[in-house]
Amino acid sequence: MEFTIVNHPDVVEIVISGQFTFNHNQKFKQLLPLLDTLQVRAITINLHGVEFIDSSGLGMLLLLRDECVKRDLGITLQQAQGQVEKILTISKFDQIFAT
Amino acid sequence: MAQLQFSATQSLDFLCSFGNQPLMPDFGYTPYYFTLPNPSLLTPILLKSNRFFLEIGAMDTLEKTLDRIFAAGPSFALNVTTLSAYDGAFSDHVSMALEQRFFLESTLRMSIRTCLQEALANAIIHGNLALESPKCSASSFNDFHEAITCRIAQDHFQALRICIMATCDEQYFTLRIRDQGKGFPHHALLTSPTPDALCGRGLFLIQSLANHVWIEADNKTLSMRFNL
């Protein structure tokens, strides 16, 4: 899993790529401190480059969401495709995240 | 050393090692034996016509190796160490091989790969590493992943086995994953997580994607059947 940060005027876009599975928790944890450095009120998680996600990856997204809520940051998931889109749908993430 | 006789149905055709391993034991004939520098080279090996593929682990003895050979049934089986199964792309390599080996439609591959990944994660984390699901809080979630990292670094846990078995006929493709843990908890297939639960949705995803899911009588084998 890799991620890059793209700054937009009102929102920070976090572009995630690769696989997002239980092996990638250490990498994921690098994202969390970044939330305290943001000067915007919302972030977007761009999942276009994520080719595969498992239930641990879903848990990490939810953890990220919880951390955003604590900081009064809005969070949306966008551009999921293929297996990722299907798994998010099965897991009813549309009830939890804005898209 | 006693001479061992193998029947045709019990023949071991491949011994496959992922690293520097001890010398292959003398079976009285020469099965294929080779070393893969890393598991990414596994897929073309699994496409061979042979039935049983056995990884020789770093802590294996002759007796352990032979026990695993005799335990192989008539269907496709891949028996690996927990350390090898923990590799991030392992489920991808194996599902790619299964798709090609059994001529499965690519539309089914996504479901099979996801189910294989979830079943392997369960077998590794809850089975062989003997870690219970964390309470669903951020700190427990982090502690849980720290515990995984700690246990997978230990020789004893690395050497425990996971067996992936597959059969295919005209109607169904069946995938089974067996580990060496203490077994599934009661009612494991009956739990259903809330959408905002940080954990505990692996079996839920499997049951959503496979047509039939059950736990075998040994309580350590998860079986998943897909309609063709």
# chains A, B, ... in the order shown; residues from 1 in each chain; ligands from 1
call {"tool": "residues_around", "arguments": {"residues": "B:Phe144", "least_positions_apart": "2", "cutoff": "10 Å", "atoms": "only C-alpha atoms", "output": "list in words"}}
result
Ile125, Leu131, Glu132, Ser133, Pro134, Lys135, Ala138, Ser139, Ser140, Phe141, Asn142, Glu146, Ala147, Ile148, Thr149 and Cys150 of chain B
call {"tool": "write_last_selection", "arguments": {"atoms": "N, CA and C atoms", "output": "tab-separated table (two decimals), in the first residue's frame"}}
result
chain	number	residue	atom	x	y	z
B	125	ILE	N	-4.19	-15.51	11.62
B	125	ILE	CA	-4.27	-14.64	12.80
B	125	ILE	C	-4.98	-15.34	13.95
B	131	LEU	N	-4.70	-15.47	18.02
B	131	LEU	CA	-5.08	-14.14	18.50
B	131	LEU	C	-6.59	-13.97	18.33
B	132	GLU	N	-7.24	-13.55	19.40
B	132	GLU	CA	-8.68	-13.31	19.30
B	132	GLU	C	-8.92	-11.94	18.68
B	133	SER	N	-10.09	-11.77	18.11
B	133	SER	CA	-10.43	-10.48	17.52
B	133	SER	C	-10.36	-9.41	18.60
B	134	PRO	N	-9.88	-8.22	18.23
B	134	PRO	CA	-9.77	-7.16	19.24
B	134	PRO	C	-11.15	-6.60	19.56
B	135	LYS	N	-11.25	-6.00	20.72
B	135	LYS	CA	-12.44	-5.18	20.98
B	135	LYS	C	-12.37	-4.03	19.99
B	138	ALA	N	-9.99	1.93	18.75
B	138	ALA	CA	-8.76	2.27	18.04
B	138	ALA	C	-7.53	1.69	18.74
B	139	SER	N	-7.47	1.82	20.07
B	139	SER	CA	-6.27	1.34	20.78
B	139	SER	C	-6.20	-0.18	20.71
B	140	SER	N	-7.33	-0.88	20.84
B	140	SER	CA	-7.32	-2.34	20.74
B	140	SER	C	-6.92	-2.78	19.34
B	141	PHE	N	-7.39	-2.05	18.35
B	141	PHE	CA	-7.07	-2.35	16.95
B	141	PHE	C	-5.58	-2.26	16.74
B	142	ASN	N	-4.94	-1.21	17.28
B	142	ASN	CA	-3.49	-1.05	17.13
B	142	ASN	C	-2.74	-2.12	17.91
B	146	GLU	N	-0.10	-4.97	16.48
B	146	GLU	CA	1.23	-5.12	17.08
B	146	GLU	C	1.45	-6.57	17.49
B	147	ALA	N	0.40	-7.18	18.03
B	147	ALA	CA	0.51	-8.58	18.46
B	147	ALA	C	0.75	-9.50	17.25
B	148	ILE	N	0.11	-9.21	16.13
B	148	ILE	CA	0.33	-10.00	14.91
B	148	ILE	C	1.80	-9.90	14.51
B	149	THR	N	2.30	-8.68	14.46
B	149	THR	CA	3.69	-8.45	14.06
B	149	THR	C	4.65	-9.18	14.99
B	150	CYS	N	4.34	-9.17	16.28
B	150	CYS	CA	5.20	-9.82	17.26
B	150	CYS	C	5.20	-11.34	17.08
call {"tool": "closest_atom_pairs", "arguments": {"of": "chain B", "to": "chain A", "cutoff": "6 Å", "atoms": "only C-alpha atoms", "output": "Markdown table"}}
result
| residue | atom | partner | partner_atom | distance |
| --- | --- | --- | --- | --- |
| B:Pro195 | CA | A:Lys92 | CA | 5.9 |
| B:Leu198 | CA | A:Gly59 | CA | 4.3 |
| B:Cys199 | CA | A:Gly59 | CA | 5.7 |
| B:Gly202 | CA | A:Ser55 | CA | 5.6 |
call {"tool": "residues_around", "arguments": {"residues": "stretch 12-18 of chain A", "least_positions_apart": "6", "cutoff": "8 Å", "atoms": "only C-alpha atoms", "output": "PDB file with N, CA and C atoms, in the first residue's frame"}}
result
ATOM      1  N   MET A   1       0.840  -1.198   0.000  1.00  0.00           N
ATOM      2  CA  MET A   1       0.000   0.000   0.000  1.00  0.00           C
ATOM      3  C   MET A   1       0.875   1.249   0.000  1.00  0.00           C
ATOM      4  N   GLU A   2       0.524   2.204  -0.812  1.00  0.00           N
ATOM      5  CA  GLU A   2       1.224   3.503  -0.836  1.00  0.00           C
ATOM      6  C   GLU A   2       0.172   4.607  -0.788  1.00  0.00           C
ATOM      7  N   PHE A   3       0.562   5.783  -0.300  1.00  0.00           N
ATOM      8  CA  PHE A   3      -0.378   6.900  -0.362  1.00  0.00           C
ATOM      9  C   PHE A   3       0.369   8.187  -0.671  1.00  0.00           C
ATOM     10  N   THR A   4      -0.340   9.075  -1.333  1.00  0.00           N
ATOM     11  CA  THR A   4       0.184  10.413  -1.605  1.00  0.00           C
ATOM     12  C   THR A   4      -0.866  11.442  -1.211  1.00  0.00           C
ATOM     13  N   ILE A   5      -0.414  12.619  -0.876  1.00  0.00           N
ATOM     14  CA  ILE A   5      -1.306  13.701  -0.437  1.00  0.00           C
ATOM     15  C   ILE A   5      -1.381  14.744  -1.534  1.00  0.00           C
ATOM     16  N   VAL A   6      -2.608  15.093  -1.896  1.00  0.00           N
ATOM     17  CA  VAL A   6      -2.819  16.142  -2.901  1.00  0.00           C
ATOM     18  C   VAL A   6      -3.622  17.252  -2.245  1.00  0.00           C
ATOM     19  N   LEU A  38      -3.482  19.194   9.076  1.00  0.00           N
ATOM     20  CA  LEU A  38      -4.295  19.716   7.977  1.00  0.00           C
ATOM     21  C   LEU A  38      -4.901  21.075   8.313  1.00  0.00           C
ATOM     22  N   VAL A  40      -7.511  22.172   6.440  1.00  0.00           N
ATOM     23  CA  VAL A  40      -8.825  22.136   5.799  1.00  0.00           C
ATOM     24  C   VAL A  40      -9.824  21.467   6.735  1.00  0.00           C
ATOM     25  N   ALA A  42     -11.992  19.041   5.540  1.00  0.00           N
ATOM     26  CA  ALA A  42     -12.465  17.782   4.969  1.00  0.00           C
ATOM     27  C   ALA A  42     -11.341  17.096   4.211  1.00  0.00           C
ATOM     28  N   ILE A  43     -11.406  15.777   4.196  1.00  0.00           N
ATOM     29  CA  ILE A  43     -10.471  15.002   3.380  1.00  0.00           C
ATOM     30  C   ILE A  43     -11.258  14.065   2.477  1.00  0.00           C
ATOM     31  N   THR A  44     -10.632  13.720   1.368  1.00  0.00           N
ATOM     32  CA  THR A  44     -11.205  12.747   0.433  1.00  0.00           C
ATOM     33  C   THR A  44     -10.217  11.595   0.298  1.00  0.00           C
ATOM     34  N   ILE A  45     -10.720  10.389   0.426  1.00  0.00           N
ATOM     35  CA  ILE A  45      -9.885   9.209   0.218  1.00  0.00           C
ATOM     36  C   ILE A  45     -10.154   8.709  -1.197  1.00  0.00           C
ATOM     37  N   ASN A  46      -9.142   8.821  -2.048  1.00  0.00           N
ATOM     38  CA  ASN A  46      -9.269   8.381  -3.435  1.00  0.00           C
ATOM     39  C   ASN A  46      -8.784   6.943  -3.527  1.00  0.00           C
ATOM     40  N   LEU A  47      -9.710   6.021  -3.816  1.00  0.00           N
ATOM     41  CA  LEU A  47      -9.389   4.595  -3.835  1.00  0.00           C
ATOM     42  C   LEU A  47      -9.189   4.045  -5.243  1.00  0.00           C
ATOM     43  N   HIS A  48      -9.060   4.913  -6.223  1.00  0.00           N
ATOM     44  CA  HIS A  48      -8.982   4.464  -7.615  1.00  0.00           C
ATOM     45  C   HIS A  48      -7.826   3.492  -7.831  1.00  0.00           C
ATOM     46  N   GLY A  49      -6.714   3.732  -7.164  1.00  0.00           N
ATOM     47  CA  GLY A  49      -5.533   2.907  -7.360  1.00  0.00           C
ATOM     48  C   GLY A  49      -5.448   1.687  -6.457  1.00  0.00           C
ATOM     49  N   VAL A  50      -6.456   1.477  -5.622  1.00  0.00           N
ATOM     50  CA  VAL A  50      -6.454   0.311  -4.735  1.00  0.00           C
ATOM     51  C   VAL A  50      -7.003  -0.860  -5.525  1.00  0.00           C
ATOM     52  N   GLU A  51      -6.199  -1.882  -5.706  1.00  0.00           N
ATOM     53  CA  GLU A  51      -6.620  -3.003  -6.551  1.00  0.00           C
ATOM     54  C   GLU A  51      -7.302  -4.101  -5.738  1.00  0.00           C
ATOM     55  N   PHE A  52      -7.072  -4.117  -4.424  1.00  0.00           N
ATOM     56  CA  PHE A  52      -7.646  -5.185  -3.607  1.00  0.00           C
ATOM     57  C   PHE A  52      -7.709  -4.723  -2.166  1.00  0.00           C
TER      58      PHE A  52
END
call {"tool": "select_by_dssp", "arguments": {"residues": "stretch 29-91 of chain A", "states": "strand (DSSP E)", "output": "list in words"}}
result
Ala42, Ile43, Thr44, Ile45, Asn46, Leu47, His48, Gly49, Val50, Glu51, Phe52, Ile53, Gly74, Ile75, Thr76, Leu77 and Gln78 of chain A
call {"tool": "write_last_selection", "arguments": {"atoms": "N, CA, C and O atoms", "output": "short mmCIF file (atom, residue, chain, number, x, y, z; two decimals), in the first residue's frame"}}
result
data_model
loop_
_atom_site.label_atom_id
_atom_site.label_comp_id
_atom_site.auth_asym_id
_atom_site.auth_seq_id
_atom_site.Cartn_x
_atom_site.Cartn_y
_atom_site.Cartn_z
N ALA A 42 -11.99 19.04 5.54
CA ALA A 42 -12.46 17.78 4.97
C ALA A 42 -11.34 17.10 4.21
O ALA A 42 -10.44 17.76 3.66
N ILE A 43 -11.41 15.78 4.20
CA ILE A 43 -10.47 15.00 3.38
C ILE A 43 -11.26 14.06 2.48
O ILE A 43 -12.40 13.70 2.78
N THR A 44 -10.63 13.72 1.37
CA THR A 44 -11.20 12.75 0.43
C THR A 44 -10.22 11.59 0.30
O THR A 44 -9.02 11.83 0.10
N ILE A 45 -10.72 10.39 0.43
CA ILE A 45 -9.89 9.21 0.22
C ILE A 45 -10.15 8.71 -1.20
O ILE A 45 -11.27 8.26 -1.50
N ASN A 46 -9.14 8.82 -2.05
CA ASN A 46 -9.27 8.38 -3.44
C ASN A 46 -8.78 6.94 -3.53
O ASN A 46 -7.60 6.67 -3.34
N LEU A 47 -9.71 6.02 -3.82
CA LEU A 47 -9.39 4.59 -3.83
C LEU A 47 -9.19 4.04 -5.24
O LEU A 47 -9.14 2.82 -5.43
N HIS A 48 -9.06 4.91 -6.22
CA HIS A 48 -8.98 4.46 -7.62
C HIS A 48 -7.83 3.49 -7.83
O HIS A 48 -7.93 2.54 -8.59
N GLY A 49 -6.71 3.73 -7.16
CA GLY A 49 -5.53 2.91 -7.36
C GLY A 49 -5.45 1.69 -6.46
O GLY A 49 -4.48 0.93 -6.53
N VAL A 50 -6.46 1.48 -5.62
CA VAL A 50 -6.45 0.31 -4.74
C VAL A 50 -7.00 -0.86 -5.53
O VAL A 50 -8.15 -0.85 -5.95
N GLU A 51 -6.20 -1.88 -5.71
CA GLU A 51 -6.62 -3.00 -6.55
C GLU A 51 -7.30 -4.10 -5.74
O GLU A 51 -8.04 -4.91 -6.29
N PHE A 52 -7.07 -4.12 -4.42
CA PHE A 52 -7.65 -5.19 -3.61
C PHE A 52 -7.71 -4.72 -2.17
O PHE A 52 -6.77 -4.12 -1.66
N ILE A 53 -8.84 -5.02 -1.51
CA ILE A 53 -8.99 -4.67 -0.10
C ILE A 53 -9.58 -5.86 0.64
O ILE A 53 -10.40 -6.60 0.08
N GLY A 74 -14.46 16.34 7.89
CA GLY A 74 -15.32 15.54 7.02
C GLY A 74 -14.46 14.54 6.25
O GLY A 74 -13.27 14.76 6.02
N ILE A 75 -15.04 13.41 5.88
CA ILE A 75 -14.29 12.40 5.12
C ILE A 75 -15.21 11.76 4.10
O ILE A 75 -16.36 11.42 4.42
N THR A 76 -14.72 11.61 2.88
CA THR A 76 -15.48 10.91 1.85
C THR A 76 -14.57 9.87 1.19
O THR A 76 -13.35 10.01 1.19
N LEU A 77 -15.21 8.83 0.68
CA LEU A 77 -14.51 7.83 -0.12
C LEU A 77 -14.93 8.03 -1.57
O LEU A 77 -16.12 8.19 -1.86
N GLN A 78 -13.95 7.97 -2.47
CA GLN A 78 -14.28 8.17 -3.88
C GLN A 78 -13.52 7.22 -4.79
O GLN A 78 -12.45 6.74 -4.45
#
call {"tool": "residues_around", "arguments": {"residues": "B:Leu189", "least_positions_apart": "3", "cutoff": "12 Å", "atoms": "only C-alpha atoms", "output": "list in words"}}
result
Phe184, Pro185, His186, Ser192, Pro193, Gly200, Arg201, Gly202, Leu203, Phe204, Leu205, Ile206, Gln207, Ser208, His212, Val213, Trp214, Ile215, Asn219, Leu222, Ser223 and Met224 of chain B
call {"tool": "atom_distance", "arguments": {"atom1": "atom CA of A:Arg71", "atom2": "atom CA of B:Ala197"}}
result
19.6 Å
call {"tool": "closest_residue", "arguments": {"among": "B:Gln171, B:Arg109, B:Ile162, B:Arg178", "to": "B:Gly57", "atoms": "only C-alpha atoms"}}
result
B:Ile162
call {"tool": "atom_distance", "arguments": {"atom1": "atom CA of B:Leu78", "atom2": "atom CA of B:Leu54"}}
result
6.0 Å
